[in-house]
file upload32.cif (mmCIF, C-alpha atoms and all ligand atoms)
data_model
#
loop_
_atom_site.label_atom_id
_atom_site.label_comp_id
_atom_site.auth_asym_id
_atom_site.auth_seq_id
_atom_site.Cartn_x
_atom_site.Cartn_y
_atom_site.Cartn_z
CA MET L 110 -28.75 0.86 55.44
CA VAL L 111 -26.32 3.12 57.29
CA GLY L 112 -25.61 6.30 55.28
CA THR L 113 -26.76 6.65 51.68
CA PHE L 114 -26.01 4.85 48.42
CA LEU L 115 -23.08 7.19 47.77
CA ASP L 116 -21.31 5.66 50.79
CA LEU L 117 -21.28 2.21 49.20
CA THR L 118 -18.67 0.60 46.98
CA PHE L 119 -20.05 -1.59 44.20
CA PRO L 120 -19.54 -4.86 46.16
CA ALA L 121 -21.17 -3.27 49.23
CA LEU L 122 -24.15 -2.24 47.08
CA GLU L 123 -24.49 -5.80 45.78
CA ALA L 124 -24.44 -7.06 49.36
CA GLN L 125 -27.23 -4.62 50.32
CA LEU L 126 -29.39 -5.86 47.45
CA LEU L 127 -28.74 -9.46 48.37
CA ALA L 128 -29.66 -8.81 52.01
CA ALA L 129 -32.91 -7.15 50.89
CA GLY L 130 -33.84 -10.11 48.71
CA VAL L 131 -33.34 -8.15 45.47
CA ARG L 132 -31.21 -9.67 42.69
CA PRO L 133 -27.63 -8.38 43.13
CA ALA L 134 -27.44 -8.14 39.34
CA HIS L 135 -29.58 -4.98 39.66
CA ALA L 136 -26.58 -3.30 41.26
CA ARG L 137 -25.32 -2.33 37.80
CA THR L 138 -28.60 -0.57 36.95
CA LEU L 139 -28.56 1.32 40.22
CA TRP L 140 -24.86 2.18 39.95
CA ARG L 141 -25.36 3.55 36.43
CA ALA L 142 -28.24 5.71 37.63
CA LEU L 143 -26.16 7.00 40.54
CA TYR L 144 -23.05 7.89 38.59
CA ARG L 145 -24.01 8.22 34.95
CA GLY L 146 -27.72 8.94 34.84
CA PRO L 147 -30.02 11.75 35.87
CA ALA L 148 -29.98 9.95 39.26
CA ASN L 149 -33.61 10.07 40.22
CA LEU L 150 -33.70 6.70 41.90
CA THR L 151 -37.46 6.49 42.26
CA ASP L 152 -38.07 7.05 38.54
CA ASP L 153 -39.99 4.50 36.58
CA GLY L 154 -37.79 2.40 34.37
CA PHE L 155 -36.11 0.28 37.02
CA PRO L 156 -37.05 -3.40 37.27
CA PRO L 157 -40.16 -3.61 39.54
CA PRO L 158 -38.49 -5.47 42.48
CA LEU L 159 -35.70 -2.88 42.57
CA GLN L 160 -38.20 -0.06 42.31
CA ARG L 161 -40.31 -1.45 45.17
CA TRP L 162 -37.26 -1.81 47.40
CA LEU L 163 -36.07 1.73 46.63
CA GLN L 164 -39.50 3.18 47.35
CA ALA L 165 -39.73 1.31 50.67
CA LEU L 166 -36.21 2.39 51.65
CA GLN L 167 -36.92 5.99 50.79
CA ARG L 168 -39.76 6.08 53.29
CA GLU L 169 -37.16 5.44 56.02
CA GLN L 170 -34.18 7.53 54.89
CA PRO L 171 -32.79 9.60 52.01
CA LEU L 172 -31.31 7.38 49.31
CA VAL L 173 -28.74 9.89 48.20
CA SER L 174 -27.67 12.92 50.15
CA ARG L 175 -26.56 15.85 48.03
CA PRO L 176 -24.97 18.92 49.58
CA GLU L 177 -26.74 22.22 49.16
CA GLN L 178 -24.78 24.80 47.19
CA LEU L 179 -24.47 28.06 49.14
CA ALA L 180 -22.11 29.77 46.71
CA ASP L 181 -20.52 29.23 43.29
CA ILE L 182 -17.84 31.84 42.82
CA PRO L 183 -15.82 32.04 39.61
CA SER L 184 -12.30 33.51 39.55
CA SER L 185 -11.82 36.63 37.45
CA ASP L 186 -10.02 34.64 34.72
CA GLY L 187 -13.00 32.24 34.59
CA LEU L 188 -10.78 29.18 34.98
CA THR L 189 -11.59 28.34 38.59
CA ARG L 190 -14.92 27.93 40.36
CA LYS L 191 -15.21 27.56 44.07
CA PHE L 192 -18.30 25.94 45.55
CA LEU L 193 -19.34 26.43 49.14
CA LEU L 194 -21.49 23.43 50.06
CA ARG L 195 -23.69 22.79 53.08
CA LEU L 196 -23.99 19.22 54.37
CA PRO L 197 -27.25 17.91 55.88
CA ASP L 198 -26.05 18.62 59.46
CA GLY L 199 -25.22 22.23 58.61
CA GLN L 200 -21.43 21.83 58.29
CA THR L 201 -19.98 23.69 55.31
CA ILE L 202 -17.15 22.56 53.07
CA GLU L 203 -15.43 23.83 49.94
CA THR L 204 -14.91 22.13 46.59
CA VAL L 205 -12.90 23.77 43.82
CA LEU L 206 -13.19 23.08 40.08
CA MET L 207 -10.08 24.09 38.15
CA GLY L 208 -9.86 24.19 34.38
CA TYR L 209 -6.52 25.79 33.68
CA THR L 210 -4.65 22.62 32.81
CA GLY L 211 -7.00 21.96 29.89
CA ARG L 212 -8.31 18.93 31.76
CA HIS L 213 -10.65 19.63 34.60
CA THR L 214 -9.39 18.97 38.10
CA VAL L 215 -11.45 19.00 41.26
CA CYS L 216 -9.99 19.78 44.67
CA LEU L 217 -11.93 17.85 47.32
CA SER L 218 -12.43 18.33 51.04
CA THR L 219 -12.14 15.26 53.25
CA GLN L 220 -13.14 16.74 56.61
CA ALA L 221 -15.28 19.59 57.89
CA GLY L 222 -12.51 21.71 59.39
CA CYS L 223 -9.12 20.22 60.21
CA ALA L 224 -7.29 19.16 63.36
CA MET L 225 -3.77 19.74 62.00
CA GLY L 226 -3.62 23.47 62.76
CA CYS L 227 -1.18 24.65 60.06
CA VAL L 228 -0.73 28.28 61.02
CA PHE L 229 -1.09 29.77 57.53
CA CYS L 230 -4.25 27.85 56.64
CA ALA L 231 -7.76 29.26 57.11
CA THR L 232 -9.18 25.77 57.69
CA GLY L 233 -6.55 24.99 60.31
CA GLN L 234 -7.29 28.30 62.02
CA GLY L 235 -10.95 27.29 62.30
CA GLY L 236 -10.36 23.92 64.02
CA PHE L 237 -11.86 20.48 63.44
CA ALA L 238 -15.58 19.75 63.20
CA ARG L 239 -15.88 16.17 61.90
CA HIS L 240 -14.76 13.61 59.34
CA LEU L 241 -16.65 13.43 56.06
CA ARG L 242 -18.39 10.20 55.14
CA PRO L 243 -17.29 8.51 51.88
CA GLY L 244 -20.53 9.63 50.21
CA GLU L 245 -19.88 13.26 51.18
CA ILE L 246 -16.53 13.07 49.37
CA VAL L 247 -18.06 11.33 46.32
CA ALA L 248 -20.92 13.88 46.24
CA GLN L 249 -18.39 16.69 45.73
CA VAL L 250 -17.18 15.04 42.52
CA LEU L 251 -20.77 14.64 41.32
CA HIS L 252 -21.50 18.27 42.18
CA ALA L 253 -18.49 19.58 40.26
CA GLN L 254 -19.20 17.25 37.35
CA ARG L 255 -22.79 18.45 37.10
CA ALA L 256 -21.68 22.10 37.23
CA LEU L 257 -19.06 21.44 34.55
CA LYS L 258 -21.53 19.70 32.25
CA ALA L 259 -24.12 22.45 32.74
CA ALA L 260 -21.47 24.91 31.57
CA GLY L 261 -20.88 22.84 28.42
CA GLY L 262 -17.70 21.18 29.72
CA ASP L 263 -16.61 17.59 29.30
CA ARG L 264 -15.96 15.63 32.49
CA VAL L 265 -13.75 15.75 35.53
CA ARG L 266 -10.44 14.03 34.77
CA ASN L 267 -8.23 14.68 37.79
CA LEU L 268 -8.71 14.89 41.53
CA VAL L 269 -6.58 16.38 44.25
CA LEU L 270 -7.43 15.72 47.89
CA MET L 271 -6.08 19.01 49.00
CA GLY L 272 -9.15 20.89 50.19
CA MET L 273 -10.37 21.20 53.76
CA GLY L 274 -9.08 18.48 56.07
CA GLU L 275 -6.21 16.02 56.28
CA PRO L 276 -7.08 13.00 54.08
CA LEU L 277 -4.90 10.54 56.01
CA HIS L 278 -6.63 11.55 59.27
CA ASN L 279 -9.84 10.18 57.70
CA TYR L 280 -8.11 7.25 56.02
CA ASP L 281 -10.86 4.63 55.76
CA ALA L 282 -13.56 6.98 54.47
CA VAL L 283 -11.15 8.48 51.93
CA MET L 284 -10.09 5.06 50.62
CA THR L 285 -13.71 3.94 50.31
CA ALA L 286 -14.59 7.16 48.46
CA LEU L 287 -11.67 6.68 46.06
CA GLU L 288 -12.71 3.08 45.40
CA ILE L 289 -16.15 4.39 44.40
CA ILE L 290 -14.76 7.27 42.34
CA THR L 291 -12.32 5.10 40.38
CA ASP L 292 -14.85 2.32 39.64
CA SER L 293 -14.89 1.95 35.86
CA ARG L 294 -18.65 1.26 35.87
CA GLY L 295 -19.33 4.73 37.28
CA LEU L 296 -17.29 7.91 37.56
CA ASN L 297 -14.25 6.07 36.23
CA ILE L 298 -11.58 8.58 37.22
CA GLY L 299 -8.19 6.89 36.81
CA ALA L 300 -6.25 6.21 40.00
CA SER L 301 -3.17 7.66 38.31
CA ARG L 302 -5.03 10.97 38.06
CA ILE L 303 -5.64 11.26 41.79
CA SER L 304 -3.30 12.92 44.30
CA ILE L 305 -3.58 12.63 48.04
CA SER L 306 -1.99 15.48 49.92
CA THR L 307 -0.88 15.02 53.52
CA VAL L 308 0.74 17.32 56.03
CA GLY L 309 2.81 14.34 57.21
CA VAL L 310 0.62 11.79 58.98
CA VAL L 311 3.32 9.14 59.15
CA PRO L 312 1.12 6.08 59.96
CA GLY L 313 -1.10 6.98 56.98
CA ILE L 314 1.88 7.20 54.61
CA ARG L 315 3.11 3.81 55.80
CA ARG L 316 -0.36 2.33 55.36
CA LEU L 317 -0.66 3.74 51.82
CA ALA L 318 2.61 2.01 50.97
CA ALA L 319 1.77 -1.28 52.70
CA GLU L 320 -1.61 -1.41 50.95
CA ARG L 321 0.02 -0.35 47.67
CA ARG L 322 -2.65 2.23 46.99
CA PRO L 323 -2.29 3.40 43.38
CA TYR L 324 -2.62 7.15 44.01
CA HIS L 325 -0.01 9.91 43.89
CA LEU L 326 1.27 11.17 47.21
CA ALA L 327 1.99 14.81 47.97
CA VAL L 328 3.62 15.71 51.28
CA SER L 329 3.50 19.25 52.67
CA LEU L 330 6.92 20.06 54.11
CA HIS L 331 7.30 23.86 54.37
CA GLY L 332 10.42 23.56 56.55
CA ALA L 333 13.70 21.64 56.30
CA SER L 334 14.51 21.59 60.03
CA GLU L 335 12.37 20.33 62.90
CA GLU L 336 12.09 23.78 64.42
CA GLU L 337 11.25 25.69 61.24
CA ARG L 338 8.70 23.13 60.17
CA ALA L 339 7.03 22.94 63.58
CA ALA L 340 6.57 26.74 63.51
CA LEU L 341 4.33 26.39 60.45
CA VAL L 342 3.01 22.84 60.87
CA PRO L 343 2.42 22.08 64.58
CA VAL L 344 1.61 18.42 63.86
CA SER L 345 5.27 17.98 63.08
CA ARG L 346 5.84 17.77 66.86
CA ARG L 347 3.87 14.53 66.79
CA TRP L 348 5.53 13.13 63.66
CA PRO L 349 8.97 14.77 63.51
CA LEU L 350 10.62 15.58 60.21
CA ALA L 351 13.20 12.78 60.48
CA GLU L 352 10.42 10.21 60.96
CA LEU L 353 8.42 11.72 58.11
CA ILE L 354 11.32 11.57 55.66
CA GLU L 355 12.03 7.99 56.75
CA ALA L 356 8.37 7.07 56.00
CA CYS L 357 8.70 8.77 52.59
CA ARG L 358 11.81 6.73 51.83
CA GLU L 359 9.94 3.56 52.75
CA TYR L 360 6.98 4.64 50.61
CA GLY L 361 9.27 5.30 47.64
CA ALA L 362 11.08 1.98 48.06
CA ILE L 363 7.85 -0.05 48.30
CA THR L 364 5.81 1.69 45.61
CA GLY L 365 8.59 2.88 43.28
CA ARG L 366 6.60 6.06 42.94
CA ARG L 367 7.82 9.66 42.84
CA ILE L 368 6.67 11.79 45.78
CA PHE L 369 5.53 15.37 45.39
CA PHE L 370 6.63 17.74 48.15
CA GLU L 371 4.70 20.93 48.75
CA TRP L 372 6.53 24.00 49.99
CA THR L 373 4.50 27.09 50.84
CA LEU L 374 6.87 30.04 50.54
CA VAL L 375 6.53 32.61 53.31
CA ALA L 376 8.61 35.77 52.93
CA GLY L 377 11.59 35.84 55.30
CA GLN L 378 10.61 32.56 56.95
CA ASN L 379 11.44 29.68 54.60
CA ASP L 380 12.18 31.25 51.22
CA SER L 381 15.95 31.88 51.15
CA ARG L 382 18.57 30.13 49.02
CA ASP L 383 19.85 28.56 52.23
CA HIS L 384 16.41 27.05 52.89
CA ALA L 385 16.39 25.66 49.34
CA GLN L 386 19.83 24.10 49.86
CA ARG L 387 18.73 22.47 53.11
CA LEU L 388 15.61 21.15 51.40
CA ALA L 389 17.69 19.59 48.63
CA LEU L 390 19.92 17.96 51.24
CA LEU L 391 16.94 16.62 53.16
CA LEU L 392 15.47 14.97 50.07
CA GLN L 393 18.75 13.48 48.88
CA GLY L 394 18.24 10.08 47.28
CA LEU L 395 14.44 10.44 47.04
CA ASP L 396 12.60 10.51 43.72
CA ALA L 397 10.99 13.87 44.44
CA HIS L 398 9.23 16.72 42.68
CA ILE L 399 8.79 19.95 44.60
CA ASN L 400 5.77 22.19 44.22
CA LEU L 401 6.54 25.76 45.27
CA ILE L 402 3.47 27.64 46.43
CA PRO L 403 3.64 31.35 47.18
CA LEU L 404 1.59 31.92 50.35
CA ASN L 405 -2.12 32.67 50.09
CA PRO L 406 -2.53 35.38 52.76
CA THR L 407 -5.13 34.61 55.46
CA HIS L 408 -6.60 36.74 58.25
CA GLY L 409 -5.17 34.60 61.03
CA PHE L 410 -1.52 34.57 59.90
CA ALA L 411 0.78 37.56 59.66
CA GLY L 412 3.14 36.00 57.06
CA THR L 413 3.38 37.50 53.59
CA PRO L 414 3.98 35.93 50.16
CA THR L 415 7.49 35.64 48.82
CA SER L 416 8.59 37.96 46.00
CA ASP L 417 8.71 36.54 42.47
CA ARG L 418 12.47 37.04 42.52
CA ALA L 419 12.92 34.95 45.67
CA VAL L 420 10.71 32.21 44.21
CA ASP L 421 12.91 32.09 41.10
CA ASP L 422 16.08 31.99 43.22
CA PHE L 423 14.67 29.18 45.36
CA GLN L 424 13.81 27.20 42.25
CA ALA L 425 17.26 27.81 40.74
CA VAL L 426 18.92 26.22 43.80
CA LEU L 427 16.68 23.16 43.52
CA ARG L 428 17.38 22.91 39.79
CA ALA L 429 21.12 23.04 40.40
CA ALA L 430 20.73 20.23 42.95
CA GLY L 431 18.92 18.13 40.34
CA TYR L 432 15.37 18.44 41.69
CA PRO L 433 12.47 19.15 39.35
CA SER L 434 10.03 21.73 40.70
CA THR L 435 6.94 23.64 39.67
CA ILE L 436 5.83 27.07 40.80
CA ARG L 437 2.13 26.83 41.53
CA GLN L 438 0.39 29.92 40.33
CA ARG L 439 -2.00 31.39 42.84
CA ARG L 440 -4.90 31.26 40.44
CA GLY L 441 -8.28 31.77 41.96
CA ILE L 442 -6.86 33.86 44.78
CA ASP L 443 -9.64 36.32 44.02
CA VAL L 444 -12.17 33.63 44.96
CA ALA L 445 -10.44 32.96 48.27
CA ALA L 446 -9.06 29.77 46.77
CA GLY L 447 -6.73 29.07 49.67
CA CYS L 448 -8.12 26.11 51.54
CA GLY L 449 -10.93 27.13 53.90
CA GLN L 450 -10.93 30.83 53.09
CA LEU L 451 -14.39 30.99 51.56
CA GLN L 452 -15.85 28.83 54.33
CA ARG L 453 -14.25 31.06 56.99
CA GLN L 454 -15.47 34.22 55.26
CA SER L 455 -18.95 32.75 55.13
CA SER L 456 -18.99 31.75 58.81
CA ARG L 457 -17.65 35.20 59.75
CA SER L 458 -20.41 36.90 57.82
CA VAL L 459 -23.01 34.59 59.40
CA ALA L 460 -21.64 35.10 62.94
S1 LIG S 1 -3.13 22.95 55.30
FE1 LIG S 1 -4.34 21.06 55.14
S2 LIG S 1 -3.63 19.85 56.90
FE2 LIG S 1 -2.96 21.95 57.31
S3 LIG S 1 -4.62 22.83 58.56
FE3 LIG S 1 -5.06 23.30 56.39
S4 LIG S 1 -6.44 21.69 55.74
FE4 LIG S 1 -5.43 20.97 57.60
#

call {"tool": "encode", "arguments": {"input": "upload32.cif", "output": "structure tokens"}}
result
Amino acid sequence: MVGTFLDLTFPALEAQLLAAGVRPAHARTLWRALYRGPANLTDDGFPPPLQRWLQALQREQPLVSRPEQLADIPSSDGLTRKFLLRLPDGQTIETVLMGYTGRHTVCLSTQAGCAMGCVFCATGQGGFARHLRPGEIVAQVLHAQRALKAAGGDRVRNLVLMGMGEPLHNYDAVMTALEIITDSRGLNIGASRISISTVGVVPGIRRLAAERRPYHLAVSLHGASEEERAALVPVSRRWPLAELIEACREYGAITGRRIFFEWTLVAGQNDSRDHAQRLALLLQGLDAHINLIPLNPTHGFAGTPTSDRAVDDFQAVLRAAGYPSTIRQRRGIDVAAGCGQLQRQSSRSVA
């Protein structure tokens, strides 16, 4: 078996059992143990043929690979917890558990590092290390779920793929992970409660639409002209704004779904009323919701957060143009909740 059980969808698990000469019907037992049970796969209690196969397999490789927790840092309001996790090859990633909506949401990483290089982002400043395997994405949900339950919480209800990495740059692994996570026999997180955030990987947006994936799409814009956007999001030189908006229109037409647009507000750079007007013009005709995010300051970027007044003014322009928007509070900023900040701090202190 390549990888561990957490890399396998349910049909792939059945196929593994079949290939090993074990009844595929045992897949349900194994799946329940992986996603609903205490998850010690070599425990007694499994049917003997399944148990024998698991024990033989375990002599060759780990059955499940769980990341090691290096840090669990709560925000001062107690509503956010940020986990710094080490993968078996030593790469570190972040996973954030957020409880302020009343229903727990987990923010997942999809890559170790990121190749997109957004200038204001600590992960982008650190460069790309590697893609995560599906099981390494699934394991983050299990980790957060276990931490939540240990604290007396219920279960994880929502997911945002907005942590380290660009999900559409690791498309196949992300889609496999989401198939596992949404499987009603296991973690059973509804597809309508999952948001994929992209910085504008146009082929990935088109593929999501063509494959009619049932997840929400959030697109990070940050600039309403090619030049302004490219100054913050260098990847926009590869997939220019006009092409990106065209792909969003196609996505909206095919899926009939509203698109969320993320706009990180940087003082003096993209936060004026004029910027808001140009944004409204750009999105004309699209079913769009705009999330306004005051900048999380990072060491590698000199930009500063917008004033509350400018945020309100920006939102007022969007409202007048008929666009719904939400101001994302920078909760958890005291736990370095901006993507990649804790991981960067940790590697700095190790270096
Ligand atoms: S904001 Fe997202 S896409 Fe951009 S560098 Fe950071 S992790 Fe990558």

call {"tool": "residues_around", "arguments": {"input": "upload32.cif", "residues": "Gly233 (chain L)", "least_positions_apart": "2", "cutoff": "10 Å", "atoms": "only C-alpha atoms", "output": "list in words"}}
result
Gly222, Cys223, Ala224, Met225, Gly226, Cys227, Val228, Phe229, Cys230, Ala231, Gly235, Gly236, Phe237, Met273, Gly274, Glu275, Val342, Gly409, Cys448 and Gly449 of chain L

call {"tool": "write_last_selection", "arguments": {"input": "upload32.cif", "atoms": "C-alpha atoms", "output": "PDB file, in the coordinates of the input"}}
result
ATOM      1  CA  GLY L 222     -12.510  21.710  59.390  1.00  0.00           C
ATOM      2  CA  CYS L 223      -9.120  20.220  60.210  1.00  0.00           C
ATOM      3  CA  ALA L 224      -7.290  19.160  63.360  1.00  0.00           C
ATOM      4  CA  MET L 225      -3.770  19.740  62.000  1.00  0.00           C
ATOM      5  CA  GLY L 226      -3.620  23.470  62.760  1.00  0.00           C
ATOM      6  CA  CYS L 227      -1.180  24.650  60.060  1.00  0.00           C
ATOM      7  CA  VAL L 228      -0.730  28.280  61.020  1.00  0.00           C
ATOM      8  CA  PHE L 229      -1.090  29.770  57.530  1.00  0.00           C
ATOM      9  CA  CYS L 230      -4.250  27.850  56.640  1.00  0.00           C
ATOM     10  CA  ALA L 231      -7.760  29.260  57.110  1.00  0.00           C
ATOM     11  CA  GLY L 235     -10.950  27.290  62.300  1.00  0.00           C
ATOM     12  CA  GLY L 236     -10.360  23.920  64.020  1.00  0.00           C
ATOM     13  CA  PHE L 237     -11.860  20.480  63.440  1.00  0.00           C
ATOM     14  CA  MET L 273     -10.370  21.200  53.760  1.00  0.00           C
ATOM     15  CA  GLY L 274      -9.080  18.480  56.070  1.00  0.00           C
ATOM     16  CA  GLU L 275      -6.210  16.020  56.280  1.00  0.00           C
ATOM     17  CA  VAL L 342       3.010  22.840  60.870  1.00  0.00           C
ATOM     18  CA  GLY L 409      -5.170  34.600  61.030  1.00  0.00           C
ATOM     19  CA  CYS L 448      -8.120  26.110  51.540  1.00  0.00           C
ATOM     20  CA  GLY L 449     -10.930  27.130  53.900  1.00  0.00           C
TER      21      GLY L 449
END

call {"tool": "closest_residue", "arguments": {"input": "upload32.cif", "among": "L:Trp348, L:Tyr280, L:Trp140, L:Tyr324", "to": "Phe114 (chain L)", "atoms": "all atoms listed in the file"}}
result
L:Trp140

call {"tool": "residues_near_point", "arguments": {"input": "upload32.cif", "point": "(-32.5, 3.4, 38.7)", "cutoff": "12 Å", "atoms": "all atoms listed in the file", "output": "mmCIF file with C-alpha atoms, in the coordinates of the input"}}
result
data_model
loop_
_atom_site.group_PDB
_atom_site.id
_atom_site.type_symbol
_atom_site.label_atom_id
_atom_site.label_comp_id
_atom_site.auth_asym_id
_atom_site.auth_seq_id
_atom_site.Cartn_x
_atom_site.Cartn_y
_atom_site.Cartn_z
ATOM 1 C CA PHE L 114 -26.010 4.850 48.420
ATOM 2 C CA HIS L 135 -29.580 -4.980 39.660
ATOM 3 C CA ALA L 136 -26.580 -3.300 41.260
ATOM 4 C CA ARG L 137 -25.320 -2.330 37.800
ATOM 5 C CA THR L 138 -28.600 -0.570 36.950
ATOM 6 C CA LEU L 139 -28.560 1.320 40.220
ATOM 7 C CA TRP L 140 -24.860 2.180 39.950
ATOM 8 C CA ARG L 141 -25.360 3.550 36.430
ATOM 9 C CA ALA L 142 -28.240 5.710 37.630
ATOM 10 C CA LEU L 143 -26.160 7.000 40.540
ATOM 11 C CA TYR L 144 -23.050 7.890 38.590
ATOM 12 C CA ARG L 145 -24.010 8.220 34.950
ATOM 13 C CA GLY L 146 -27.720 8.940 34.840
ATOM 14 C CA PRO L 147 -30.020 11.750 35.870
ATOM 15 C CA ALA L 148 -29.980 9.950 39.260
ATOM 16 C CA ASN L 149 -33.610 10.070 40.220
ATOM 17 C CA LEU L 150 -33.700 6.700 41.900
ATOM 18 C CA THR L 151 -37.460 6.490 42.260
ATOM 19 C CA ASP L 152 -38.070 7.050 38.540
ATOM 20 C CA ASP L 153 -39.990 4.500 36.580
ATOM 21 C CA GLY L 154 -37.790 2.400 34.370
ATOM 22 C CA PHE L 155 -36.110 0.280 37.020
ATOM 23 C CA PRO L 156 -37.050 -3.400 37.270
ATOM 24 C CA PRO L 157 -40.160 -3.610 39.540
ATOM 25 C CA PRO L 158 -38.490 -5.470 42.480
ATOM 26 C CA LEU L 159 -35.700 -2.880 42.570
ATOM 27 C CA GLN L 160 -38.200 -0.060 42.310
ATOM 28 C CA ARG L 161 -40.310 -1.450 45.170
ATOM 29 C CA TRP L 162 -37.260 -1.810 47.400
ATOM 30 C CA LEU L 163 -36.070 1.730 46.630
ATOM 31 C CA GLN L 164 -39.500 3.180 47.350
ATOM 32 C CA LEU L 172 -31.310 7.380 49.310
#

call {"tool": "residues_around", "arguments": {"input": "upload32.cif", "residues": "region 262-266 of chain L", "least_positions_apart": "2", "cutoff": "8 Å", "atoms": "all atoms listed in the file", "output": "VMD selection string"}}
result
chain L and resid 212 to 215 250 253 to 254 257 to 260 268 298 to 299 302

call {"tool": "write_last_selection", "arguments": {"input": "upload32.cif", "atoms": "C-alpha atoms", "output": "mmCIF file, in the frame of the given file"}}
result
data_model
loop_
_atom_site.group_PDB
_atom_site.id
_atom_site.type_symbol
_atom_site.label_atom_id
_atom_site.label_comp_id
_atom_site.auth_asym_id
_atom_site.auth_seq_id
_atom_site.Cartn_x
_atom_site.Cartn_y
_atom_site.Cartn_z
ATOM 1 C CA ARG L 212 -8.310 18.930 31.760
ATOM 2 C CA HIS L 213 -10.650 19.630 34.600
ATOM 3 C CA THR L 214 -9.390 18.970 38.100
ATOM 4 C CA VAL L 215 -11.450 19.000 41.260
ATOM 5 C CA VAL L 250 -17.180 15.040 42.520
ATOM 6 C CA ALA L 253 -18.490 19.580 40.260
ATOM 7 C CA GLN L 254 -19.200 17.250 37.350
ATOM 8 C CA LEU L 257 -19.060 21.440 34.550
ATOM 9 C CA LYS L 258 -21.530 19.700 32.250
ATOM 10 C CA ALA L 259 -24.120 22.450 32.740
ATOM 11 C CA ALA L 260 -21.470 24.910 31.570
ATOM 12 C CA LEU L 268 -8.710 14.890 41.530
ATOM 13 C CA ILE L 298 -11.580 8.580 37.220
ATOM 14 C CA GLY L 299 -8.190 6.890 36.810
ATOM 15 C CA ARG L 302 -5.030 10.970 38.060
#

call {"tool": "closest_residue", "arguments": {"input": "upload32.cif", "among": "L:Leu122, L:Ala385, L:Val308, L:Ala425", "to": "Ser329 (chain L)", "atoms": "all atoms listed in the file"}}
result
L:Val308

call {"tool": "closest_residue", "arguments": {"input": "upload32.cif", "among": "L:Ile289, L:Ala362, L:Ile314, L:Leu217", "to": "ligand LIG 1 (chain S)", "atoms": "all atoms listed in the file"}}
result
L:Leu217

call {"tool": "residues_around", "arguments": {"input": "upload32.cif", "residues": "Gly412 (chain L)", "least_positions_apart": "5", "cutoff": "10 Å", "atoms": "all atoms listed in the file", "output": "ChimeraX atom specification"}}
result
/L:228-229,374-378,404-407

call {"tool": "closest_residue", "arguments": {"input": "upload32.cif", "among": "L:His240, L:Met271, L:Pro403, L:Asp281", "to": "ligand LIG 1 (chain S)", "atoms": "all atoms listed in the file"}}
result
L:Met271

call {"tool": "atom_distance", "arguments": {"input": "upload32.cif", "atom1": "CA of Gln234 (chain L)", "atom2": "CA of Ser345 (chain L)"}}
result
16.3 Å

call {"tool": "closest_residue", "arguments": {"input": "upload32.cif", "among": "L:Ala286, L:Leu193, L:Ile368, L:Met110", "to": "His398 (chain L)", "atoms": "all atoms listed in the file"}}
result
L:Ile368

call {"tool": "atom_distance", "arguments": {"input": "upload32.cif", "atom1": "CA of Pro197 (chain L)", "atom2": "atom S3 of ligand LIG 1 (chain S)"}}
result
23.3 Å

call {"tool": "atom_distance", "arguments": {"input": "upload32.cif", "atom1": "CA of Arg382 (chain L)", "atom2": "atom FE1 of ligand LIG 1 (chain S)"}}
result
25.4 Å

call {"tool": "closest_residue", "arguments": {"input": "upload32.cif", "among": "L:Leu196, L:Ala221, L:Cys357, L:Ala129", "to": "ligand LIG 1 (chain S)", "atoms": "only C-alpha atoms and all ligand atoms"}}
result
L:Ala221

call {"tool": "residues_around", "arguments": {"input": "upload32.cif", "residues": "region 333-340 of chain L", "least_positions_apart": "6", "cutoff": "10 Å", "atoms": "all atoms listed in the file", "output": "number ranges by chain"}}
result
L: 227-228, 346-351, 372, 378-379, 384-392

call {"tool": "residues_around", "arguments": {"input": "upload32.cif", "residues": "Gln170 (chain L)", "least_positions_apart": "4", "cutoff": "10 Å", "atoms": "all atoms listed in the file", "output": "PyMOL selection string"}}
result
chain L and resi 110-113+165-166+174

call {"tool": "decode", "arguments": {"input": "upload32.cif", "residues": "region 157-164 of chain L", "atoms": "N, CA and C atoms", "output": "PDB file, in the first residue's frame"}}
result
ATOM      1  N   PRO L 157     -10.915 -11.828  12.689  1.00  0.00           N
ATOM      2  CA  PRO L 157      -9.545 -12.353  12.618  1.00  0.00           C
ATOM      3  C   PRO L 157      -8.830 -12.149  11.276  1.00  0.00           C
ATOM      4  N   PRO L 158      -9.493 -12.379  10.099  1.00  0.00           N
ATOM      5  CA  PRO L 158      -8.724 -12.179   8.850  1.00  0.00           C
ATOM      6  C   PRO L 158      -8.265 -10.727   8.686  1.00  0.00           C
ATOM      7  N   LEU L 159      -9.121  -9.804   9.079  1.00  0.00           N
ATOM      8  CA  LEU L 159      -8.778  -8.377   8.982  1.00  0.00           C
ATOM      9  C   LEU L 159      -7.617  -8.061   9.938  1.00  0.00           C
ATOM     10  N   GLN L 160      -7.735  -8.618  11.128  1.00  0.00           N
ATOM     11  CA  GLN L 160      -6.702  -8.386  12.142  1.00  0.00           C
ATOM     12  C   GLN L 160      -5.339  -8.910  11.667  1.00  0.00           C
ATOM     13  N   ARG L 161      -5.358 -10.099  11.082  1.00  0.00           N
ATOM     14  CA  ARG L 161      -4.091 -10.711  10.619  1.00  0.00           C
ATOM     15  C   ARG L 161      -3.470  -9.854   9.510  1.00  0.00           C
ATOM     16  N   TRP L 162      -4.317  -9.377   8.612  1.00  0.00           N
ATOM     17  CA  TRP L 162      -3.806  -8.558   7.508  1.00  0.00           C
ATOM     18  C   TRP L 162      -3.215  -7.244   8.052  1.00  0.00           C
ATOM     19  N   LEU L 163      -3.918  -6.627   9.002  1.00  0.00           N
ATOM     20  CA  LEU L 163      -3.439  -5.359   9.560  1.00  0.00           C
ATOM     21  C   LEU L 163      -2.094  -5.561  10.274  1.00  0.00           C
ATOM     22  N   GLN L 164      -2.004  -6.668  11.008  1.00  0.00           N
ATOM     23  CA  GLN L 164      -0.757  -6.910  11.746  1.00  0.00           C
ATOM     24  C   GLN L 164       0.409  -7.147  10.783  1.00  0.00           C
TER      25      GLN L 164
END
